[in-house]
file entry-v1.cif (mmCIF, C-alpha atoms)
data_work
#
loop_
_atom_site.group_PDB
_atom_site.id
_atom_site.type_symbol
_atom_site.label_atom_id
_atom_site.label_comp_id
_atom_site.auth_asym_id
_atom_site.auth_seq_id
_atom_site.Cartn_x
_atom_site.Cartn_y
_atom_site.Cartn_z
ATOM 1 C CA MET A 12 -2.900 -16.832 -11.637
ATOM 2 C CA SER A 13 -4.349 -15.486 -14.853
ATOM 3 C CA ILE A 14 -7.571 -13.517 -14.847
ATOM 4 C CA GLY A 15 -7.927 -13.820 -18.601
ATOM 5 C CA LYS A 16 -6.791 -12.243 -21.833
ATOM 6 C CA ILE A 17 -6.741 -8.478 -22.288
ATOM 7 C CA ASN A 18 -6.102 -5.992 -25.066
ATOM 8 C CA ILE A 19 -3.131 -3.753 -24.343
ATOM 9 C CA TYR A 20 -2.961 -0.178 -25.633
ATOM 10 C CA VAL A 21 -0.494 2.663 -25.238
ATOM 11 C CA CYS A 22 -1.543 6.307 -25.178
ATOM 12 C CA ASN A 23 -0.098 8.352 -28.037
ATOM 13 C CA LYS A 24 -0.180 11.486 -25.879
ATOM 14 C CA CYS A 25 1.098 10.507 -22.394
ATOM 15 C CA GLY A 26 2.527 7.020 -22.993
ATOM 16 C CA ARG A 27 0.461 5.279 -20.296
ATOM 17 C CA ILE A 28 -0.511 1.673 -20.761
ATOM 18 C CA ASN A 29 -4.274 1.081 -20.891
ATOM 19 C CA VAL A 30 -6.031 -2.282 -20.987
ATOM 20 C CA SER A 31 -9.485 -3.556 -21.885
ATOM 21 C CA ASP A 32 -11.229 -6.924 -21.886
ATOM 22 C CA LEU A 33 -10.538 -9.081 -24.921
ATOM 23 C CA GLY A 34 -13.235 -8.589 -27.515
ATOM 24 C CA LYS A 35 -13.731 -4.915 -26.678
ATOM 25 C CA TYR A 36 -11.370 -3.600 -29.345
ATOM 26 C CA ILE A 37 -12.690 -0.186 -30.303
ATOM 27 C CA SER A 38 -10.682 2.122 -32.532
ATOM 28 C CA LYS A 39 -11.912 5.254 -30.727
ATOM 29 C CA LEU A 40 -10.783 4.307 -27.191
ATOM 30 C CA ARG A 41 -9.291 7.156 -25.137
ATOM 31 C CA CYS A 42 -6.655 7.119 -22.415
ATOM 32 C CA CYS A 43 -8.045 6.889 -18.894
ATOM 33 C CA ALA A 44 -5.560 9.552 -17.715
ATOM 34 C CA CYS A 45 -5.414 12.224 -20.422
ATOM 35 C CA PHE A 46 -8.075 11.159 -22.960
ATOM 36 C CA GLY A 47 -5.399 10.908 -25.653
ATOM 37 C CA LYS A 48 -5.828 8.486 -28.565
ATOM 38 C CA LEU A 49 -4.720 4.910 -27.934
ATOM 39 C CA SER A 50 -2.696 2.634 -30.192
ATOM 40 C CA TYR A 51 -3.258 -1.107 -30.008
ATOM 41 C CA VAL A 52 -0.158 -2.987 -28.830
ATOM 42 C CA SER A 53 -1.050 -6.636 -28.251
ATOM 43 C CA VAL A 54 -3.125 -9.250 -26.499
ATOM 44 C CA GLY A 55 -1.688 -10.497 -23.220
ATOM 45 C CA GLU A 56 -2.422 -12.409 -20.090
ATOM 46 C CA ALA A 57 -3.816 -10.095 -17.442
ATOM 47 C CA ARG A 58 -1.469 -11.619 -14.874
ATOM 48 C CA ASP A 59 1.459 -10.231 -16.836
ATOM 49 C CA TYR A 60 0.306 -6.708 -16.038
ATOM 50 C CA VAL A 61 -1.340 -7.032 -12.637
ATOM 51 C CA THR A 62 1.145 -7.820 -9.866
ATOM 52 C CA GLU A 63 0.439 -9.282 -6.463
ATOM 53 C CA PRO A 64 -0.008 -6.611 -3.795
ATOM 54 C CA LYS A 65 3.217 -6.159 -1.815
ATOM 55 C CA TYR A 66 1.432 -6.425 1.523
ATOM 56 C CA ARG A 67 0.745 -10.122 0.940
ATOM 57 C CA SER A 68 4.413 -11.045 1.400
ATOM 58 C CA VAL A 69 4.733 -9.233 4.759
ATOM 59 C CA PHE A 70 1.199 -9.656 6.108
ATOM 60 C CA PRO A 71 1.709 -13.064 7.797
ATOM 61 C CA GLU A 72 4.697 -11.735 9.766
ATOM 62 C CA PHE A 73 2.739 -8.595 10.685
ATOM 63 C CA ILE A 74 -0.104 -10.759 12.019
ATOM 64 C CA LYS A 75 2.373 -12.739 14.159
ATOM 65 C CA ILE A 76 3.736 -9.503 15.639
ATOM 66 C CA LEU A 77 0.218 -8.156 16.221
ATOM 67 C CA GLU A 78 -0.866 -11.381 17.891
ATOM 68 C CA LYS A 79 2.163 -11.278 20.202
ATOM 69 C CA ARG A 80 1.361 -7.666 21.188
ATOM 70 C CA MET A 81 -2.306 -8.526 21.767
ATOM 71 C CA GLU A 82 -1.265 -11.463 23.980
ATOM 72 C CA GLN A 83 1.055 -9.194 25.988
ATOM 73 C CA GLY A 84 -1.789 -6.702 26.431
ATOM 74 C CA PHE A 85 -4.158 -9.453 27.523
ATOM 75 C CA LYS A 86 -1.695 -10.709 30.139
ATOM 76 C CA GLU A 87 -1.268 -7.206 31.522
ATOM 77 C CA TYR A 88 -4.821 -5.801 31.221
ATOM 78 C CA GLY A 89 -7.126 -8.717 30.415
ATOM 79 C CA ASP A 90 -10.010 -7.860 28.080
ATOM 80 C CA LYS A 91 -10.719 -4.481 29.710
ATOM 81 C CA SER A 92 -10.005 -2.552 26.497
ATOM 82 C CA PHE A 93 -12.974 -4.209 24.777
ATOM 83 C CA GLU A 94 -15.222 -2.678 27.417
ATOM 84 C CA ARG A 95 -13.887 0.880 27.088
ATOM 85 C CA ALA A 96 -15.914 3.647 25.474
ATOM 86 C CA PRO A 97 -14.969 4.611 21.896
ATOM 87 C CA LYS A 98 -13.938 8.108 23.069
ATOM 88 C CA GLU A 99 -11.437 6.577 25.496
ATOM 89 C CA LEU A 100 -9.997 4.423 22.715
ATOM 90 C CA LEU A 101 -9.672 7.464 20.449
ATOM 91 C CA ASN A 102 -7.786 9.273 23.220
ATOM 92 C CA GLU A 103 -5.417 6.285 23.499
ATOM 93 C CA ILE A 104 -4.813 6.331 19.742
ATOM 94 C CA GLU A 105 -4.155 10.077 19.824
ATOM 95 C CA GLU A 106 -1.584 9.608 22.578
ATOM 96 C CA GLU A 107 0.104 6.816 20.590
ATOM 97 C CA VAL A 108 0.293 9.009 17.479
ATOM 98 C CA VAL A 109 2.008 11.748 19.492
ATOM 99 C CA ASP A 110 4.409 9.148 20.935
ATOM 100 C CA ILE A 111 5.233 7.888 17.436
ATOM 101 C CA CYS A 112 6.014 11.450 16.335
ATOM 102 C CA GLY A 113 8.265 11.899 19.363
ATOM 103 C CA TRP A 114 10.131 8.669 18.641
ATOM 104 C CA GLY A 115 10.445 9.805 15.027
ATOM 105 C CA LEU A 116 12.079 13.046 16.150
ATOM 106 C CA ILE A 117 14.532 11.149 18.343
ATOM 107 C CA LEU A 118 15.399 8.798 15.478
ATOM 108 C CA TYR A 119 15.763 11.781 13.126
ATOM 109 C CA THR A 120 18.331 13.429 15.426
ATOM 110 C CA LYS A 121 20.300 10.174 15.655
ATOM 111 C CA LEU A 122 20.274 9.783 11.866
ATOM 112 C CA GLN A 123 21.434 13.366 11.438
ATOM 113 C CA ALA A 124 24.324 12.756 13.830
ATOM 114 C CA LEU A 125 25.243 9.552 11.977
ATOM 115 C CA GLN A 126 25.134 11.370 8.642
ATOM 116 C CA LYS A 127 27.500 14.064 9.977
ATOM 117 C CA LYS A 128 29.951 11.352 11.104
ATOM 118 C CA VAL A 129 29.815 9.644 7.695
ATOM 119 C CA GLU A 130 30.327 12.923 5.827
ATOM 120 C CA GLY A 131 33.245 13.726 8.143
#

call {"tool": "encode", "arguments": {"input": "entry-v1.cif", "output": "structure tokens"}}
result
Amino acid sequence: MSIGKINIYVCNKCGRINVSDLGKYISKLRCCACFGKLSYVSVGEARDYVTEPKYRSVFPEFIKILEKRMEQGFKEYGDKSFERAPKELLNEIEEEVVDICGWGLILYTKLQALQKKVEG
């Protein structure tokens, strides 16, 4: 999907690509990163330079997984969580974060052991 034509510039100082709307060609444009002078490169389709966010390809699968987990929680606890105080929910999140760190440590030790086996 194209969002229109754009002017494409390259910074003479840092090499970054800069773009502007078509029709806004100004010889004194400066780089958005380092304020270096820009050289005009070409006119292009904006879609050629703006990619789709990566999350869009995995988001539907993530939603399916989330929905399955929410359904499991509903079967076990009903809708009780929606009635809990925000402080209680924050405590639950804090506990989950600590659990994730613990699982990360366990996985790290297993990966280290695997690496030692591979290296011989």

call {"tool": "atom_distance", "arguments": {"input": "entry-v1.cif", "atom1": "CA of Leu100 in chain A", "atom2": "CA of Phe85 in chain A"}}
result
15.8 Å

call {"tool": "closest_residue", "arguments": {"input": "entry-v1.cif", "among": "A:Leu116, A:Val52, A:Glu99, A:Gly89", "to": "Ile17 in chain A", "atoms": "only C-alpha atoms"}}
result
A:Val52

call {"tool": "residues_around", "arguments": {"input": "entry-v1.cif", "residues": "Ser50 in chain A", "least_positions_apart": "4", "cutoff": "8 Å", "atoms": "all atoms listed in the file", "output": "PyMOL selection string"}}
result
chain A and resi 20-23

call {"tool": "atom_distance", "arguments": {"input": "entry-v1.cif", "atom1": "CA of Glu106 in chain A", "atom2": "CA of Tyr119 in chain A"}}
result
19.9 Å

call {"tool": "atom_distance", "arguments": {"input": "entry-v1.cif", "atom1": "CA of Tyr51 in chain A", "atom2": "CA of Ile19 in chain A"}}
result
6.3 Å

call {"tool": "axis_aligned_box", "arguments": {"input": "entry-v1.cif", "around": "range 84-96 of chain A", "padding_each_side": "8 Å", "output": "lines of an AutoDock Vina configuration file"}}
result
center_x = -8.6
center_y = -3.5
center_z = 28.1
size_x = 30.6
size_y = 30.4
size_z = 22.7

call {"tool": "resolve_selection", "arguments": {"input": "entry-v1.cif", "expression": "the PyMOL selection byres ((chain A and resi 24) around 10)", "output": "list of chain:residue names"}}
result
A:Val21, A:Cys22, A:Asn23, A:Cys25, A:Gly26, A:Arg27, A:Cys42, A:Ala44, A:Cys45, A:Phe46, A:Gly47, A:Lys48, A:Leu49

call {"tool": "write_last_selection", "arguments": {"input": "entry-v1.cif", "atoms": "C-alpha atoms", "output": "PDB file, in the frame of the given file"}}
result
ATOM      1  CA  VAL A  21      -0.494   2.663 -25.238  1.00  0.00           C
ATOM      2  CA  CYS A  22      -1.543   6.307 -25.178  1.00  0.00           C
ATOM      3  CA  ASN A  23      -0.098   8.352 -28.037  1.00  0.00           C
ATOM      4  CA  CYS A  25       1.098  10.507 -22.394  1.00  0.00           C
ATOM      5  CA  GLY A  26       2.527   7.020 -22.993  1.00  0.00           C
ATOM      6  CA  ARG A  27       0.461   5.279 -20.296  1.00  0.00           C
ATOM      7  CA  CYS A  42      -6.655   7.119 -22.415  1.00  0.00           C
ATOM      8  CA  ALA A  44      -5.560   9.552 -17.715  1.00  0.00           C
ATOM      9  CA  CYS A  45      -5.414  12.224 -20.422  1.00  0.00           C
ATOM     10  CA  PHE A  46      -8.075  11.159 -22.960  1.00  0.00           C
ATOM     11  CA  GLY A  47      -5.399  10.908 -25.653  1.00  0.00           C
ATOM     12  CA  LYS A  48      -5.828   8.486 -28.565  1.00  0.00           C
ATOM     13  CA  LEU A  49      -4.720   4.910 -27.934  1.00  0.00           C
TER      14      LEU A  49
END
